[in-house]
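> Got coords-v7.cif for you, mmCIF, C-alpha atoms:
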data_model
#
loop_
_atom_site.group_PDB
_atom_site.id
_atom_site.type_symbol
_atom_site.label_atom_id
_atom_site.label_comp_id
_atom_site.auth_asym_id
_atom_site.auth_seq_id
_atom_site.Cartn_x
_atom_site.Cartn_y
_atom_site.Cartn_z
ATOM 1 C CA MET A 1 -68.293 78.949 65.713
ATOM 2 C CA GLN A 2 -69.324 82.430 66.798
ATOM 3 C CA LYS A 3 -67.925 84.136 69.859
ATOM 4 C CA GLY A 4 -69.872 83.256 72.943
ATOM 5 C CA GLU A 5 -71.222 79.966 71.553
ATOM 6 C CA ALA A 6 -70.604 76.866 73.609
ATOM 7 C CA MET A 7 -68.370 74.136 72.141
ATOM 8 C CA SER A 8 -70.284 70.953 71.543
ATOM 9 C CA PRO A 9 -68.878 67.655 72.857
ATOM 10 C CA GLN A 10 -68.561 66.422 69.259
ATOM 11 C CA ASP A 11 -66.253 69.349 68.379
ATOM 12 C CA SER A 12 -63.903 68.609 71.271
ATOM 13 C CA ARG A 13 -63.122 65.008 70.264
ATOM 14 C CA PRO A 14 -59.451 64.433 69.181
ATOM 15 C CA THR A 15 -58.900 63.546 65.508
ATOM 16 C CA ALA A 16 -57.332 60.197 64.612
ATOM 17 C CA PRO A 17 -53.764 60.275 63.174
ATOM 18 C CA PRO A 18 -53.502 59.672 59.416
ATOM 19 C CA LEU A 19 -52.888 56.114 58.295
ATOM 20 C CA PRO A 20 -49.321 55.328 57.159
ATOM 21 C CA PRO A 21 -48.861 54.889 53.383
ATOM 22 C CA SER A 22 -49.198 51.378 52.087
ATOM 23 C CA PRO A 23 -45.872 49.622 51.452
ATOM 24 C CA PRO A 24 -44.961 49.136 47.770
ATOM 25 C CA PRO A 25 -45.749 45.719 46.361
ATOM 26 C CA PRO A 26 -42.824 43.306 46.666
ATOM 27 C CA GLY A 27 -40.666 43.025 43.553
ATOM 28 C CA PRO A 28 -39.039 39.892 42.208
ATOM 29 C CA PRO A 29 -36.597 38.291 44.654
ATOM 30 C CA GLU A 30 -32.958 39.310 44.247
ATOM 31 C CA TYR A 31 -30.477 36.495 43.791
ATOM 32 C CA PRO A 32 -26.904 37.443 44.662
ATOM 33 C CA ARG A 33 -24.420 36.894 41.860
ATOM 34 C CA PRO A 34 -21.961 34.092 42.612
ATOM 35 C CA ARG A 35 -18.620 35.315 43.941
ATOM 36 C CA LEU A 36 -16.121 35.547 41.077
ATOM 37 C CA ILE A 37 -12.946 33.610 41.829
ATOM 38 C CA PHE A 38 -9.879 33.787 39.583
ATOM 39 C CA HIS A 39 -6.798 31.562 39.555
ATOM 40 C CA THR A 40 -3.351 33.107 39.519
ATOM 41 C CA GLN A 41 0.357 32.250 39.486
ATOM 42 C CA LEU A 42 3.607 34.162 39.479
ATOM 43 C CA ALA A 43 4.839 34.096 35.877
ATOM 44 C CA HIS A 44 8.334 32.841 36.751
ATOM 45 C CA GLY A 45 6.838 29.900 38.657
ATOM 46 C CA SER A 46 4.712 29.378 41.785
ATOM 47 C CA PRO A 47 1.825 27.331 43.159
ATOM 48 C CA THR A 48 -1.655 28.354 42.007
ATOM 49 C CA GLY A 49 -3.531 30.865 44.159
ATOM 50 C CA ARG A 50 -7.189 31.936 44.201
ATOM 51 C CA ILE A 51 -8.249 35.578 44.391
ATOM 52 C CA HIS A 52 -11.552 37.456 44.505
ATOM 53 C CA GLY A 53 -13.107 40.697 45.709
ATOM 54 C CA PHE A 54 -11.190 43.301 43.649
ATOM 55 C CA THR A 55 -12.645 46.159 41.581
ATOM 56 C CA ASN A 56 -9.572 47.737 39.969
ATOM 57 C CA VAL A 57 -5.999 46.891 39.029
ATOM 58 C CA LYS A 58 -4.461 48.167 42.268
ATOM 59 C CA GLU A 59 -6.792 45.990 44.313
ATOM 60 C CA LEU A 60 -6.039 43.048 42.003
ATOM 61 C CA TYR A 61 -2.302 43.458 42.615
ATOM 62 C CA GLY A 62 -2.997 43.650 46.340
ATOM 63 C CA LYS A 63 -4.923 40.361 46.252
ATOM 64 C CA ILE A 64 -2.180 38.622 44.257
ATOM 65 C CA ALA A 65 0.494 39.975 46.617
ATOM 66 C CA GLU A 66 -1.461 38.720 49.622
ATOM 67 C CA VAL A 67 -1.713 35.204 48.179
ATOM 68 C CA PHE A 68 2.030 34.953 47.468
ATOM 69 C CA ASN A 69 3.229 36.968 50.485
ATOM 70 C CA ILE A 70 4.958 39.674 48.457
ATOM 71 C CA SER A 71 4.595 43.446 48.269
ATOM 72 C CA PRO A 72 2.155 44.781 45.626
ATOM 73 C CA SER A 73 4.985 47.045 44.431
ATOM 74 C CA GLU A 74 6.848 43.924 43.268
ATOM 75 C CA ILE A 75 4.278 43.324 40.508
ATOM 76 C CA LEU A 76 5.145 44.963 37.182
ATOM 77 C CA PHE A 77 2.171 43.764 35.120
ATOM 78 C CA CYS A 78 -0.056 40.739 34.510
ATOM 79 C CA THR A 79 -0.765 38.610 31.466
ATOM 80 C CA LEU A 80 -3.775 36.409 30.812
ATOM 81 C CA ASN A 81 -3.488 32.700 30.014
ATOM 82 C CA SER A 82 0.261 32.871 29.332
ATOM 83 C CA HIS A 83 3.297 33.088 31.624
ATOM 84 C CA LYS A 84 5.351 34.661 28.817
ATOM 85 C CA VAL A 85 6.031 38.377 28.337
ATOM 86 C CA ASP A 86 3.431 38.530 25.593
ATOM 87 C CA MET A 87 1.898 41.952 25.041
ATOM 88 C CA GLN A 88 -1.016 40.382 23.156
ATOM 89 C CA LYS A 89 -2.018 38.761 26.463
ATOM 90 C CA LEU A 90 -1.492 41.849 28.623
ATOM 91 C CA LEU A 91 -4.143 42.425 31.278
ATOM 92 C CA GLY A 92 -5.875 45.738 30.697
ATOM 93 C CA GLY A 93 -9.268 46.743 31.970
ATOM 94 C CA GLN A 94 -11.071 43.463 31.283
ATOM 95 C CA ILE A 95 -10.629 39.890 32.477
ATOM 96 C CA GLY A 96 -12.548 36.995 30.950
ATOM 97 C CA LEU A 97 -14.376 35.035 33.614
ATOM 98 C CA GLU A 98 -12.363 31.942 32.698
ATOM 99 C CA ASP A 99 -8.994 33.693 32.335
ATOM 100 C CA PHE A 100 -5.924 32.591 34.309
ATOM 101 C CA ILE A 101 -3.855 35.509 35.637
ATOM 102 C CA PHE A 102 -0.026 35.435 35.592
ATOM 103 C CA ALA A 103 1.766 38.144 37.604
ATOM 104 C CA HIS A 104 5.188 39.281 36.387
ATOM 105 C CA VAL A 105 7.330 40.566 39.264
ATOM 106 C CA ARG A 106 10.455 42.693 39.455
ATOM 107 C CA GLY A 107 13.634 41.036 38.269
ATOM 108 C CA GLU A 108 16.972 42.443 37.148
ATOM 109 C CA THR A 109 17.646 46.199 37.286
ATOM 110 C CA LYS A 110 19.811 47.620 34.503
ATOM 111 C CA GLU A 111 20.985 51.033 33.336
ATOM 112 C CA VAL A 112 21.257 51.839 29.655
ATOM 113 C CA GLU A 113 22.796 54.903 28.001
ATOM 114 C CA VAL A 114 20.793 56.099 25.016
ATOM 115 C CA THR A 115 21.600 58.699 22.372
ATOM 116 C CA LYS A 116 18.783 59.777 20.089
ATOM 117 C CA THR A 117 19.767 59.792 16.444
ATOM 118 C CA GLU A 118 16.257 60.679 15.273
ATOM 119 C CA ASP A 119 13.189 62.276 16.797
ATOM 120 C CA ALA A 120 11.543 58.984 17.768
ATOM 121 C CA LEU A 121 13.254 56.346 19.896
ATOM 122 C CA GLY A 122 11.069 53.570 18.532
ATOM 123 C CA LEU A 123 9.348 52.790 21.836
ATOM 124 C CA THR A 124 5.661 52.323 22.586
ATOM 125 C CA ILE A 125 4.859 52.848 26.267
ATOM 126 C CA THR A 126 1.987 51.566 28.364
ATOM 127 C CA ASP A 127 1.439 51.355 32.117
ATOM 128 C CA ASN A 128 0.113 48.838 34.592
ATOM 129 C CA GLY A 129 -2.569 51.058 36.123
ATOM 130 C CA ALA A 130 -0.687 51.158 39.426
ATOM 131 C CA GLY A 131 2.192 53.556 38.781
ATOM 132 C CA TYR A 132 4.605 51.583 36.590
ATOM 133 C CA ALA A 133 5.200 52.515 32.937
ATOM 134 C CA PHE A 134 6.811 49.855 30.777
ATOM 135 C CA ILE A 135 7.795 49.084 27.199
ATOM 136 C CA LYS A 136 5.044 47.495 25.130
ATOM 137 C CA ARG A 137 6.661 47.571 21.708
ATOM 138 C CA ILE A 138 10.065 48.183 20.116
ATOM 139 C CA LYS A 139 10.092 49.321 16.507
ATOM 140 C CA GLU A 140 12.403 47.251 14.339
ATOM 141 C CA GLY A 141 15.481 49.159 13.186
ATOM 142 C CA SER A 142 14.936 52.012 15.672
ATOM 143 C CA THR A 143 17.438 53.539 18.094
ATOM 144 C CA ILE A 144 16.201 51.356 20.957
ATOM 145 C CA ASP A 145 16.216 48.240 18.763
ATOM 146 C CA GLN A 146 19.994 48.597 18.481
ATOM 147 C CA LEU A 147 20.305 48.260 22.283
ATOM 148 C CA LYS A 148 19.794 44.533 22.775
ATOM 149 C CA THR A 149 19.614 44.831 26.572
ATOM 150 C CA VAL A 150 16.331 46.757 26.282
ATOM 151 C CA CYS A 151 13.330 44.422 26.055
ATOM 152 C CA VAL A 152 9.572 44.497 25.753
ATOM 153 C CA GLY A 153 8.176 44.285 29.286
ATOM 154 C CA ASP A 154 10.954 46.356 30.882
ATOM 155 C CA HIS A 155 9.626 48.849 33.445
ATOM 156 C CA ILE A 156 11.108 52.339 32.986
ATOM 157 C CA GLU A 157 11.956 53.289 36.560
ATOM 158 C CA ALA A 158 13.995 56.452 35.984
ATOM 159 C CA ILE A 159 15.237 58.825 33.278
ATOM 160 C CA ASN A 160 18.593 60.438 34.095
ATOM 161 C CA ASP A 161 18.207 59.272 37.732
ATOM 162 C CA GLN A 162 14.838 61.044 38.010
ATOM 163 C CA SER A 163 12.260 58.529 39.226
ATOM 164 C CA ILE A 164 9.150 58.317 37.072
ATOM 165 C CA VAL A 165 7.320 55.818 39.285
ATOM 166 C CA GLY A 166 3.729 57.022 39.526
ATOM 167 C CA CYS A 167 3.756 58.712 36.095
ATOM 168 C CA ARG A 168 1.211 57.690 33.485
ATOM 169 C CA HIS A 169 2.325 56.243 30.150
ATOM 170 C CA TYR A 170 1.601 59.429 28.184
ATOM 171 C CA GLU A 171 3.725 61.468 30.616
ATOM 172 C CA VAL A 172 6.672 59.084 30.215
ATOM 173 C CA ALA A 173 6.292 59.080 26.425
ATOM 174 C CA LYS A 174 6.366 62.900 26.461
ATOM 175 C CA MET A 175 9.546 62.944 28.610
ATOM 176 C CA LEU A 176 11.294 60.578 26.203
ATOM 177 C CA LYS A 177 10.165 62.560 23.182
ATOM 178 C CA GLU A 178 11.593 65.742 24.728
ATOM 179 C CA GLN A 179 15.096 64.287 25.156
ATOM 180 C CA PRO A 180 17.370 66.215 22.739
ATOM 181 C CA ARG A 181 19.034 64.495 19.819
ATOM 182 C CA GLY A 182 22.757 63.801 20.070
ATOM 183 C CA ILE A 183 22.950 64.143 23.862
ATOM 184 C CA PRO A 184 23.217 60.842 25.819
ATOM 185 C CA PHE A 185 20.714 60.130 28.586
ATOM 186 C CA THR A 186 20.278 57.195 30.947
ATOM 187 C CA LEU A 187 17.347 54.854 31.378
ATOM 188 C CA ARG A 188 17.040 52.751 34.531
ATOM 189 C CA LEU A 189 15.009 49.688 33.623
ATOM 190 C CA VAL A 190 13.608 46.795 35.636
ATOM 191 C CA GLY A 191 12.912 43.618 33.713
ATOM 192 C CA PRO A 192 10.345 41.020 34.775
ATOM 193 C CA LYS A 193 11.755 38.076 36.681
ATOM 194 C CA LYS A 194 12.333 35.174 34.319
ATOM 195 C CA ALA A 195 11.917 31.448 34.782
ATOM 196 C CA PHE A 196 14.823 29.291 33.691
ATOM 197 C CA ASP A 197 13.274 28.432 30.324
ATOM 198 C CA MET A 198 12.708 32.126 29.556
ATOM 199 C CA ILE A 199 16.266 33.361 30.175
ATOM 200 C CA GLY A 200 17.819 34.789 27.039
ATOM 201 C CA MET A 201 14.515 35.434 25.253
ATOM 202 C CA ARG A 202 13.927 38.878 23.783
ATOM 203 C CA THR A 203 10.249 39.302 23.095
ATOM 204 C CA ARG A 204 8.825 41.677 20.513
ATOM 205 C CA ALA A 205 5.078 42.218 20.327
ATOM 206 C CA PRO A 206 3.241 41.677 17.043
ATOM 207 C CA LYS A 207 2.080 44.831 15.344
ATOM 208 C CA SER A 208 -1.668 45.130 15.423
ATOM 209 C CA THR A 209 -3.560 42.247 17.003
ATOM 210 C CA GLU A 210 -3.828 43.508 20.562
ATOM 211 C CA GLY A 211 -7.050 44.085 22.444
ATOM 212 C CA LYS A 212 -9.169 40.954 22.711
ATOM 213 C CA MET A 213 -8.698 39.412 26.122
ATOM 214 C CA ALA A 214 -11.718 37.305 26.927
ATOM 215 C CA ASN A 215 -12.151 33.561 26.534
ATOM 216 C CA GLY A 216 -15.806 33.296 27.501
ATOM 217 C CA ARG A 217 -18.866 35.368 26.671
ATOM 218 C CA GLU A 218 -18.511 37.645 29.708
ATOM 219 C CA THR A 219 -15.672 39.686 31.166
ATOM 220 C CA LEU A 220 -15.011 41.467 34.434
ATOM 221 C CA ARG A 221 -14.531 45.158 33.575
ATOM 222 C CA LEU A 222 -12.126 46.809 36.022
ATOM 223 C CA ARG A 223 -12.574 50.526 36.607
ATOM 224 C CA SER A 224 -10.224 53.064 38.163
ATOM 225 C CA LYS A 225 -13.271 54.707 39.764
ATOM 226 C CA GLY A 226 -16.333 52.803 40.841
ATOM 227 C CA THR A 227 -17.191 49.142 41.062
ATOM 228 C CA ALA A 228 -16.076 46.439 38.660
ATOM 229 C CA THR A 229 -18.888 45.110 36.499
ATOM 230 C CA VAL A 230 -19.525 41.896 34.611
ATOM 231 C CA GLN A 231 -20.448 42.569 30.999
ATOM 232 C CA GLU A 232 -20.623 40.909 27.620
ATOM 233 C CA VAL A 233 -17.452 40.777 25.553
ATOM 234 C CA GLN A 234 -17.113 43.508 22.953
ATOM 235 C CA ASN A 235 -19.188 43.194 19.794
ATOM 236 C CA GLU A 236 -17.506 43.433 16.407
ATOM 237 C CA PHE A 237 -17.953 47.199 16.111
ATOM 238 C CA ASP A 238 -16.573 47.918 19.599
ATOM 239 C CA GLU A 239 -13.620 45.600 19.047
ATOM 240 C CA GLN A 240 -12.671 47.077 15.664
ATOM 241 C CA ALA A 241 -13.195 50.678 16.791
ATOM 242 C CA THR A 242 -11.137 50.086 19.945
ATOM 243 C CA ARG A 243 -8.282 48.607 17.919
ATOM 244 C CA ARG A 244 -8.282 51.587 15.556
ATOM 245 C CA VAL A 245 -8.305 54.101 18.425
ATOM 246 C CA ASP A 246 -5.474 52.191 20.128
ATOM 247 C CA ASP A 247 -3.477 52.469 16.883
ATOM 248 C CA LEU A 248 -4.108 56.229 16.864
ATOM 249 C CA LEU A 249 -2.942 56.507 20.494
ATOM 250 C CA GLU A 250 0.327 54.882 19.474
ATOM 251 C CA SER A 251 0.685 57.078 16.395
ATOM 252 C CA TYR A 252 0.001 60.390 18.161
ATOM 253 C CA MET A 253 1.195 59.759 21.726
ATOM 254 C CA GLY A 254 3.548 56.779 21.642
ATOM 255 C CA ILE A 255 1.356 54.715 23.966
ATOM 256 C CA ARG A 256 -0.913 51.704 23.705
ATOM 257 C CA ASP A 257 -3.779 51.316 26.158
ATOM 258 C CA VAL A 258 -6.769 49.114 25.313
ATOM 259 C CA GLU A 259 -8.743 50.308 28.349
ATOM 260 C CA LEU A 260 -8.202 53.966 27.398
ATOM 261 C CA ALA A 261 -9.181 53.206 23.796
ATOM 262 C CA THR A 262 -12.335 51.424 25.023
ATOM 263 C CA THR A 263 -13.300 54.451 27.132
ATOM 264 C CA ILE A 264 -12.818 56.761 24.133
ATOM 265 C CA VAL A 265 -15.014 54.554 21.916
ATOM 266 C CA GLU A 266 -17.720 54.407 24.592
ATOM 267 C CA ALA A 267 -17.679 58.211 24.812
ATOM 268 C CA GLY A 268 -18.030 58.660 21.067
ATOM 269 C CA LYS A 269 -20.075 55.881 19.533
ATOM 270 C CA ASP A 270 -23.503 57.418 20.271
ATOM 271 C CA LYS A 271 -22.566 61.073 19.616
ATOM 272 C CA LYS A 272 -24.021 62.920 16.628
ATOM 273 C CA ASN A 273 -21.179 65.336 15.881
ATOM 274 C CA PRO A 274 -17.499 65.919 16.773
ATOM 275 C CA ASP A 275 -18.306 68.798 19.155
ATOM 276 C CA ASP A 276 -20.506 66.559 21.311
ATOM 277 C CA PHE A 277 -17.815 63.887 21.177
ATOM 278 C CA ALA A 278 -15.087 66.327 22.278
ATOM 279 C CA GLU A 279 -17.259 67.560 25.156
ATOM 280 C CA ALA A 280 -18.033 64.007 26.295
ATOM 281 C CA LEU A 281 -14.374 63.004 26.106
ATOM 282 C CA ASP A 282 -13.275 66.064 28.046
ATOM 283 C CA SER A 283 -15.711 65.188 30.841
ATOM 284 C CA VAL A 284 -14.185 61.739 31.386
ATOM 285 C CA LEU A 285 -10.593 62.163 30.164
ATOM 286 C CA GLY A 286 -9.880 65.872 30.501
ATOM 287 C CA ASP A 287 -6.475 65.257 32.097
ATOM 288 C CA PHE A 288 -5.108 63.944 28.794
ATOM 289 C CA ALA A 289 -5.652 67.224 26.907
ATOM 290 C CA PHE A 290 -5.874 65.427 23.556
ATOM 291 C CA PRO A 291 -4.931 67.611 20.557
ATOM 292 C CA ASP A 292 -7.744 68.583 18.199
ATOM 293 C CA VAL A 293 -6.199 66.713 15.259
ATOM 294 C CA PHE A 294 -6.211 63.497 17.335
ATOM 295 C CA LEU A 295 -9.882 63.968 18.258
ATOM 296 C CA PHE A 296 -10.752 64.604 14.612
ATOM 297 C CA ASP A 297 -9.025 61.393 13.492
ATOM 298 C CA VAL A 298 -10.633 59.381 16.301
ATOM 299 C CA TRP A 299 -14.082 60.714 15.363
ATOM 300 C CA GLY A 300 -13.381 59.724 11.783
ATOM 301 C CA ALA A 301 -12.205 56.242 12.758
ATOM 302 C CA ILE A 302 -15.324 55.606 14.860
ATOM 303 C CA GLY A 303 -17.560 56.841 12.025
ATOM 304 C CA GLU A 304 -15.784 54.718 9.404
ATOM 305 C CA THR A 305 -16.089 51.651 11.612
ATOM 306 C CA LYS A 306 -19.830 52.284 11.982
ATOM 307 C CA THR A 307 -20.273 52.432 8.206
ATOM 308 C CA GLY A 308 -18.028 49.432 7.615
ATOM 309 C CA ARG A 309 -15.195 51.368 5.932
ATOM 310 C CA MET A 310 -11.897 50.095 7.339
#
As structure tokens, please, write out the structure in this file.


Amino acid sequence: MQKGEAMSPQDSRPTAPPLPPSPPPPGPPEYPRPRLIFHTQLAHGSPTGRIHGFTNVKELYGKIAEVFNISPSEILFCTLNSHKVDMQKLLGGQIGLEDFIFAHVRGETKEVEVTKTEDALGLTITDNGAGYAFIKRIKEGSTIDQLKTVCVGDHIEAINDQSIVGCRHYEVAKMLKEQPRGIPFTLRLVGPKKAFDMIGMRTRAPKSTEGKMANGRETLRLRSKGTATVQEVQNEFDEQATRRVDDLLESYMGIRDVELATTIVEAGKDKKNPDDFAEALDSVLGDFAFPDVFLFDVWGAIGETKTGRM
């Protein structure tokens, strides 16, 4: 419009606001998954409780403690489908949807003097995911095997009166490895509380059949970070690779940890070369600072399992 021209009535009409965008078409209806309820008992004897609504081991212990009116710190570890101190049945990061959970609580405290006569004590250490490291295996004929008061399932509470509560299994294994030969040191141990029919038993875990923990086709996968998920049980490759990585963890670090081994396999099974594998592992498990020779052997074990060479 040129200067001086009169504005027509049509030009002065207000414009209509734009129409809102159309809503997206409705998707399929969402059906909430049924609430997962697990049954539990105290391993030394108790009524059966029902628990639900946990996403990691610490929350699981809290739910069990609430049911039985105890402190979560009383729980040393849990086993699945057995009240015995059976490391084959140890609860790790997965629970079968039909599994029965037995909680082993603190029992007798004992102090043991140990003198290393060789570099290795003959212990394999694991932890419960909530701050307690405990003995998962005792090597036959080793220094520790000579001390009959030390048992599989004993929580290592202190070394030379220094509390190690809150330390991870690999940290405890390193402390024990660094104890000098020929100089006595003291272990303060807490055994799981025993039922009458278990008193006097000294349990030793079998050598290499740990890892499979699910009865049904699905398991609840507990995660230290994030939400628990329901997933299919491991296929044959995942199960064999996880077992081999767990064996390497024991060989290199003196620990066994099925959940850690599973995480390592998941990080490596789709990688094309060891450099990509090392980078992926560092992004999820950088705190462990795995030595290069361990990573090389793990990469080899995963590759051999893929090609069927055991």

> To one decimal place in Å, what is the distance between atom CA of A:Pro274 and atom CA of A:Glu250?

21.1 Å

> When the PyMOL selection byres ((chain A and resi 157) around 7) is applied to the file above, which residues end up in the set, as a list in words?

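Taken over the shown coordinates, the PyMOL selection byres ((chain A and resi 157) around 7) returns His155, Ile156, Ala158, Ser163, Ile164, Val165, Arg188, Leu189 and Val190 of chain A.
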
> I need the chosen residues saved as a short mmCIF file (atom, residue, chain, number, x, y, z; two decimals), keeping the file's coordinate frame, with C-alpha atoms.


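Once everything was written out, this is again14.cif:
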data_model
loop_
_atom_site.label_atom_id
_atom_site.label_comp_id
_atom_site.auth_asym_id
_atom_site.auth_seq_id
_atom_site.Cartn_x
_atom_site.Cartn_y
_atom_site.Cartn_z
CA HIS A 155 9.63 48.85 33.44
CA ILE A 156 11.11 52.34 32.99
CA ALA A 158 14.00 56.45 35.98
CA SER A 163 12.26 58.53 39.23
CA ILE A 164 9.15 58.32 37.07
CA VAL A 165 7.32 55.82 39.28
CA ARG A 188 17.04 52.75 34.53
CA LEU A 189 15.01 49.69 33.62
CA VAL A 190 13.61 46.80 35.64
#

> Name the closest residue to A:Glu236 among the candidates A:Asp257, A:Tyr252, A:Ala278, A:Gly308; distances are taken between atoms, counting only C-alpha atoms.

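Once distances to A:Glu236 are computed over only C-alpha atoms, the minimum belongs to A:Gly308.
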
> Write out as number ranges by chain the residues lying within 12 Å of A:Gly129, counting all atoms listed in the file and excluding same-chain residues fewer than 4 positions away.

A: 56-61, 73, 75-78, 90-93, 133-134, 165-169, 222-225, 257-260

> Skip stretch 141-150 of chain A itself and residues of its chain fewer than 2 positions away, then list as a PyMOL selection string all residues within 7 Å of it, counting all atoms listed in the file.

chain A and resi 116-117+121-122+138-139

> Report as JSON, numbers by chain the residues that result from applying the PyMOL selection byres ((chain A and resi 298) around 9) to the structure here.

{"A": [244, 245, 248, 264, 265, 268, 293, 294, 295, 296, 297, 299, 300, 301, 302, 303]}

> Nearest residue to A:Leu249 out of A:Asn81, A:Asn273, A:Thr124, A:Thr305, using only C-alpha atoms?

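For A:Leu249, the nearest of the given residues is A:Thr124.
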
> Separation of atom CA of A:Ile255 and atom CA of A:Thr126, in Å?

5.4 Å

> Take atom CA of A:Glu108 and atom CA of A:Arg137 and report the distance between them in Å, one decimal.

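It comes out at 19.3 Å.
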
> Go through A:Ile125, A:Ile101, A:Ile64, A:Ala261 one by one, measure the shortest atom-to-atom distance of each to A:Tyr170 using only C-alpha atoms, and give the residue with the smallest value.

A:Ile125

> Report as a list in words the residues that result from applying the PyMOL selection byres ((chain A and resi 238) around 9) to the structure here.

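Applying the expression gives Gln234, Asn235, Glu236, Phe237, Glu239, Gln240, Ala241, Thr242, Arg243, Thr262, Val265, Glu266, Lys269 and Thr305 of chain A.
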
> Select all residues near (0.8, 42.9, 27.7) (cut-off 6 Å, inclusive, file coordinates), counting only C-alpha atoms, and output them as a PDB file with C-alpha atoms, in the coordinates of the input.


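Listed below is the output, selection-v3.pdb:
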ATOM      1  CA  THR A  79      -0.765  38.610  31.466  1.00  0.00           C
ATOM      2  CA  ASP A  86       3.431  38.530  25.593  1.00  0.00           C
ATOM      3  CA  MET A  87       1.898  41.952  25.041  1.00  0.00           C
ATOM      4  CA  GLN A  88      -1.016  40.382  23.156  1.00  0.00           C
ATOM      5  CA  LYS A  89      -2.018  38.761  26.463  1.00  0.00           C
ATOM      6  CA  LEU A  90      -1.492  41.849  28.623  1.00  0.00           C
TER       7      LEU A  90
END

> Write out as a list in words each polymer residue whose atoms come within 12 Å of A:Phe68, counting all atoms listed in the file; drop sequence neighbours fewer than 4 positions from it.

Thr40, Gln41, Leu42, Ala43, Gly45, Ser46, Pro47, Thr48, Gly49, Arg50, Ile51, Tyr61, Gly62, Lys63, Ile64, Pro72, Glu74, Ile75, Ala103 and Val105 of chain A

> Please determine, counting only C-alpha atoms, which residue among A:Leu123, A:Ala195, A:Val284, A:Val112 has the shortest atom-to-atom distance to A:Ile159.

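Checking each of A:Leu123, A:Ala195, A:Val284, A:Val112 against A:Ile159, counting only C-alpha atoms, the winner is A:Val112.
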